[in-house]
>>> print(open('query-v5.txt').read())   # compact mmCIF, C-alpha atoms
# COMPACT_ATOMS: atom_id res chain seq x y z
CA MET P 1 0.21 -0.53 7.98
CA ARG P 2 -1.40 2.39 6.27
CA GLN P 3 -3.63 1.49 3.37
CA GLY P 4 -2.07 3.84 0.82
CA HIS P 5 -1.28 0.93 -1.47
CA ILE P 6 -5.02 0.17 -1.65
CA LEU P 7 -6.10 3.81 -1.96
CA ALA P 8 -3.61 4.29 -4.79
CA HIS P 9 -5.66 1.91 -6.96
CA LEU P 10 -9.05 3.52 -6.41
CA PRO P 11 -10.58 5.55 -9.26
CA HIS P 12 -10.06 9.32 -9.16
CA HIS P 13 -13.74 10.05 -8.45
CA ARG P 14 -13.69 7.75 -5.40
CA LEU P 15 -10.59 9.49 -4.05
CA LYS P 16 -12.23 12.89 -4.60
CA ALA P 17 -15.17 11.71 -2.49
CA ILE P 18 -12.98 10.18 0.24
CA TYR P 19 -10.53 13.05 0.66
CA PRO P 20 -12.83 15.71 2.19
CA ARG P 21 -14.44 13.21 4.58
CA GLN P 22 -11.16 11.65 5.72
CA ARG P 23 -8.80 14.64 5.48
CA ASP P 24 -7.58 14.39 9.10
CA GLU P 25 -6.93 10.64 8.86
CA ILE P 26 -5.12 11.10 5.54
CA GLU P 27 -2.90 13.80 7.01
CA ASN P 28 -2.22 11.80 10.20
CA ALA P 29 -1.24 8.79 8.09
CA GLY P 30 1.37 10.93 6.32
CA LEU P 31 -0.37 10.70 2.96
CA GLY P 32 -0.56 14.46 2.41
CA ASN P 33 -1.83 17.66 3.99
CA ASN P 34 -3.73 18.79 0.87
CA TRP P 35 -5.34 17.24 -2.20
CA SER P 36 -2.27 17.72 -4.41
CA ALA P 37 0.10 16.13 -1.89
CA PHE P 38 -2.35 13.27 -1.32
CA ARG P 39 -2.58 12.53 -5.06
CA ALA P 40 1.19 12.82 -5.49
CA ASN P 41 1.85 10.40 -2.62
CA LEU P 42 -0.69 7.90 -3.94
CA GLY P 43 0.82 8.21 -7.42
CA LYS P 44 4.25 7.33 -6.06
CA ILE P 45 2.87 4.37 -4.09
CA LYS P 46 1.04 3.12 -7.18
CA LYS P 47 4.14 3.50 -9.34
CA ASP P 48 6.35 1.78 -6.75
CA GLY P 49 3.84 -1.03 -6.21
CA TYR P 50 4.13 -1.08 -2.41
CA SER P 51 4.04 1.02 0.73
CA LEU P 52 6.66 1.01 3.46
CA THR P 53 6.16 2.34 6.96
CA VAL P 54 8.53 2.70 9.87
CA GLY P 55 7.22 3.25 13.38
CA GLU P 56 3.67 3.95 12.28
CA PHE P 57 2.13 2.07 15.21
CA ASN P 58 5.15 1.13 17.30
CA PRO P 59 8.64 2.67 17.32
CA GLY P 60 11.14 0.65 15.32
CA VAL P 61 8.55 -1.56 13.62
CA TYR P 62 8.80 -1.76 9.84
CA GLY P 63 5.83 -2.67 7.68
CA VAL P 64 5.68 -3.35 3.97
CA ALA P 65 2.54 -4.12 1.97
CA ALA P 66 1.54 -4.52 -1.67
CA PRO P 67 -1.90 -4.70 -3.28
CA ILE P 68 -3.55 -7.78 -4.70
CA LEU P 69 -4.97 -6.57 -8.01
CA THR P 70 -7.74 -7.64 -10.36
CA ASP P 71 -7.25 -7.71 -14.12
CA GLN P 72 -8.76 -4.17 -14.13
CA LYS P 73 -5.97 -3.09 -11.73
CA THR P 74 -8.29 -2.46 -8.79
CA ALA P 75 -7.17 -3.66 -5.36
CA LEU P 76 -8.96 -6.62 -3.80
CA GLY P 77 -6.81 -6.56 -0.68
CA SER P 78 -3.16 -6.71 0.17
CA VAL P 79 -0.33 -8.85 1.44
CA GLY P 80 2.19 -7.55 3.91
CA THR P 81 4.59 -8.18 6.72
CA ALA P 82 5.96 -6.33 9.72
CA TRP P 83 9.04 -6.73 11.89
CA ASP P 84 10.74 -5.04 14.80
CA GLU P 85 14.20 -3.83 13.81
CA LYS P 86 15.54 -4.58 17.30
CA GLU P 87 14.40 -8.21 17.21
CA ARG P 88 15.11 -8.86 13.52
CA ARG P 89 18.29 -7.03 12.61
CA ASP P 90 18.86 -9.56 9.82
CA VAL P 91 15.92 -8.35 7.69
CA ASP P 92 17.01 -6.52 4.57
CA VAL P 93 14.31 -3.97 3.73
CA GLU P 94 14.89 -4.19 -0.04
CA HIS P 95 14.56 -7.98 0.04
CA ALA P 96 11.39 -7.73 2.13
CA VAL P 97 9.90 -5.27 -0.37
CA LEU P 98 10.76 -7.53 -3.30
CA ALA P 99 9.33 -10.60 -1.56
CA ILE P 100 6.06 -8.85 -0.70
CA LYS P 101 5.69 -7.43 -4.21
CA GLN P 102 6.32 -10.89 -5.70
CA ALA P 103 3.82 -12.49 -3.32
CA ALA P 104 1.17 -9.91 -4.28
CA THR P 105 1.88 -10.44 -7.99
CA THR P 106 1.67 -14.23 -7.66
CA ILE P 107 -1.63 -14.05 -5.74
CA SER P 108 -3.05 -11.55 -8.25
CA GLU P 109 -2.07 -13.75 -11.21
CA ARG P 110 -3.53 -16.89 -9.64
CA LEU P 111 -6.79 -15.13 -8.85
CA MET P 112 -7.03 -13.95 -12.46
CA GLU P 113 -6.34 -17.50 -13.71
CA THR P 114 -9.04 -18.90 -11.43
CA ARG P 115 -11.59 -16.33 -12.61
CA SER P 116 -10.87 -16.98 -16.27
CA HIS P 117 -11.73 -20.71 -15.98
>>> encode(input="query-v5.txt", output="structure tokens")
Amino acid sequence: MRQGHILAHLPHHRLKAIYPRQRDEIENAGLGNNWSAFRANLGKIKKDGYSLTVGEFNPGVYGVAAPILTDQKTALGSVGTAWDEKERRDVDVEHAVLAIKQAATTISERLMETRSH
């Protein structure tokens, strides 16, 4: 799964440094073909709290991921899942998104609790 959900939580100055060096990879990942599109796509991912891909690595394979965040809202990592629509026709995408977002929130909260003790 593309790492847009992690990139979306990086500080602006880090993204400005990454973009020129990784422009081709960013475009190939569908995150934007210029700086403005890249920032807009990351803004949407950050607002939504997850990223969803379909067929990014294999045709018909869905992937959903959400960031695990610190109390400063920086991403430590992510939690995600993937499934093949042909093999798992019973998976409801909206439910998968909600489950992954909830898992990421729960992990984030527990990490913050552990660090505060």
>>> residues_around(input="query-v5.txt", residues="Ser108 of chain P", least_positions_apart="2", cutoff="9 Å", atoms="all atoms listed in the file", output="list of chain:residue names")
P:Pro67, P:Ile68, P:Leu69, P:Thr70, P:Asp71, P:Leu76, P:Ala103, P:Ala104, P:Thr105, P:Thr106, P:Arg110, P:Leu111, P:Met112, P:Glu113
>>> closest_residue(input="query-v5.txt", among="P:Ala65, P:Asn33, P:Arg14, P:Glu87", to="Asp48 of chain P", atoms="all atoms listed in the file")
P:Ala65
>>> closest_residue(input="query-v5.txt", among="P:Thr53, P:Gln3, P:Asn34, P:Asn28", to="Lys16 of chain P", atoms="all atoms listed in the file")
P:Asn34
>>> closest_residue(input="query-v5.txt", among="P:Ala8, P:Ile26, P:Ala66, P:Ala17", to="Ala40 of chain P", atoms="only C-alpha atoms")
P:Ala8
>>> closest_residue(input="query-v5.txt", among="P:Lys46, P:Glu109, P:Val61, P:Lys101", to="Ala82 of chain P", atoms="all atoms listed in the file")
P:Val61
>>> residues_near_point(input="query-v5.txt", point="(6.3, -5.1, 8.4)", cutoff="6 Å", atoms="only C-alpha atoms", output="tab-separated table (two decimals) with C-alpha atoms, in the coordinates of the input")
chain	number	residue	atom	x	y	z
P	62	TYR	CA	8.80	-1.76	9.84
P	63	GLY	CA	5.83	-2.67	7.68
P	64	VAL	CA	5.68	-3.35	3.97
P	81	THR	CA	4.59	-8.18	6.72
P	82	ALA	CA	5.96	-6.33	9.72
P	83	TRP	CA	9.04	-6.73	11.89
>>> axis_aligned_box(input="query-v5.txt", around="segment 70-84 of chain P", padding_each_side="3 Å", output="AutoDock Vina command-line options")
--center_x 0.9 --center_y -5.7 --center_z 0.3 --size_x 25.7 --size_y 12.4 --size_z 34.9
>>> atom_distance(input="query-v5.txt", atom1="atom CA of Asp92 of chain P", atom2="atom CA of Phe57 of chain P")
20.2 Å
>>> atom_distance(input="query-v5.txt", atom1="atom CA of Glu27 of chain P", atom2="atom CA of His12 of chain P")
18.2 Å
>>> closest_residue(input="query-v5.txt", among="P:Arg21, P:His5, P:Lys86, P:Lys73", to="Gly43 of chain P", atoms="only C-alpha atoms")
P:His5
>>> closest_residue(input="query-v5.txt", among="P:Leu15, P:Leu52, P:Ala37, P:Leu7", to="Val97 of chain P", atoms="only C-alpha atoms")
P:Leu52
>>> atom_distance(input="query-v5.txt", atom1="atom CA of Leu10 of chain P", atom2="atom CA of Thr74 of chain P")
6.5 Å
>>> decode(input="query-v5.txt", residues="segment 66-79 of chain P", atoms="all heavy atoms", output="compact mmCIF listing (two decimals), in the first residue's frame")
# COMPACT_ATOMS: atom_id res chain seq x y z
N ALA P 66 -4.10 3.09 7.82
CA ALA P 66 -4.26 4.30 8.61
C ALA P 66 -3.03 4.48 9.49
O ALA P 66 -2.42 3.49 9.91
CB ALA P 66 -5.53 4.22 9.47
N PRO P 67 -2.66 5.72 9.75
CA PRO P 67 -1.44 5.97 10.53
C PRO P 67 -1.64 5.76 12.02
O PRO P 67 -2.72 5.97 12.57
CB PRO P 67 -1.14 7.44 10.23
CG PRO P 67 -2.48 8.04 10.03
CD PRO P 67 -3.29 6.97 9.33
N ILE P 68 -0.56 5.34 12.66
CA ILE P 68 -0.47 5.31 14.12
C ILE P 68 0.23 6.60 14.49
O ILE P 68 1.35 6.86 14.03
CB ILE P 68 0.31 4.07 14.59
CG1 ILE P 68 -0.44 2.80 14.18
CG2 ILE P 68 0.54 4.13 16.11
CD1 ILE P 68 0.34 1.53 14.36
N LEU P 69 -0.44 7.43 15.28
CA LEU P 69 0.04 8.79 15.55
C LEU P 69 0.52 8.98 16.97
O LEU P 69 0.01 8.37 17.91
CB LEU P 69 -1.08 9.79 15.27
CG LEU P 69 -1.65 9.80 13.85
CD1 LEU P 69 -2.86 10.71 13.78
CD2 LEU P 69 -0.59 10.21 12.85
N THR P 70 1.50 9.88 17.12
CA THR P 70 1.95 10.31 18.44
C THR P 70 1.01 11.40 18.94
O THR P 70 0.14 11.87 18.19
CB THR P 70 3.38 10.88 18.38
OG1 THR P 70 3.35 12.10 17.64
CG2 THR P 70 4.35 9.89 17.75
N ASP P 71 1.24 11.86 20.16
CA ASP P 71 0.42 12.95 20.68
C ASP P 71 0.68 14.26 19.94
O ASP P 71 -0.14 15.17 19.98
CB ASP P 71 0.60 13.12 22.19
CG ASP P 71 2.05 13.26 22.61
OD1 ASP P 71 2.95 12.98 21.79
OD2 ASP P 71 2.29 13.64 23.76
N GLN P 72 1.81 14.35 19.21
CA GLN P 72 2.09 15.53 18.37
C GLN P 72 1.55 15.35 16.95
O GLN P 72 1.82 16.16 16.06
CB GLN P 72 3.60 15.81 18.28
CG GLN P 72 4.20 16.36 19.55
CD GLN P 72 4.61 15.25 20.50
OE1 GLN P 72 4.96 14.15 20.07
NE2 GLN P 72 4.57 15.52 21.78
N LYS P 73 0.81 14.27 16.72
CA LYS P 73 0.17 13.97 15.43
C LYS P 73 1.19 13.67 14.32
O LYS P 73 0.93 13.93 13.16
CB LYS P 73 -0.78 15.09 14.98
CG LYS P 73 -1.89 15.37 15.96
CD LYS P 73 -2.78 14.18 16.11
CE LYS P 73 -3.91 14.47 17.09
NZ LYS P 73 -4.51 13.28 17.63
N THR P 74 2.33 13.12 14.70
CA THR P 74 3.27 12.61 13.70
C THR P 74 3.09 11.10 13.63
O THR P 74 2.74 10.45 14.62
CB THR P 74 4.73 12.97 14.04
OG1 THR P 74 5.05 12.45 15.32
CG2 THR P 74 4.95 14.47 14.02
N ALA P 75 3.32 10.54 12.46
CA ALA P 75 3.09 9.11 12.25
C ALA P 75 4.29 8.29 12.69
O ALA P 75 5.42 8.56 12.31
CB ALA P 75 2.78 8.84 10.78
N LEU P 76 4.02 7.28 13.53
CA LEU P 76 5.05 6.33 13.95
C LEU P 76 5.10 5.14 13.00
O LEU P 76 6.10 4.46 12.91
CB LEU P 76 4.72 5.79 15.34
CG LEU P 76 4.87 6.71 16.51
CD1 LEU P 76 4.33 6.05 17.77
CD2 LEU P 76 6.32 7.08 16.69
N GLY P 77 4.02 4.85 12.37
CA GLY P 77 3.87 3.69 11.49
C GLY P 77 2.43 3.63 11.04
O GLY P 77 1.73 4.64 11.06
N SER P 78 1.98 2.45 10.68
CA SER P 78 0.60 2.33 10.24
C SER P 78 0.08 0.93 10.48
O SER P 78 0.84 0.01 10.77
CB SER P 78 0.48 2.68 8.76
OG SER P 78 1.21 1.75 7.97
N VAL P 79 -1.21 0.80 10.36
CA VAL P 79 -1.88 -0.49 10.42
C VAL P 79 -2.73 -0.59 9.15
O VAL P 79 -3.27 0.41 8.68
CB VAL P 79 -2.74 -0.62 11.71
CG1 VAL P 79 -3.82 0.41 11.78
CG2 VAL P 79 -3.30 -2.01 11.84
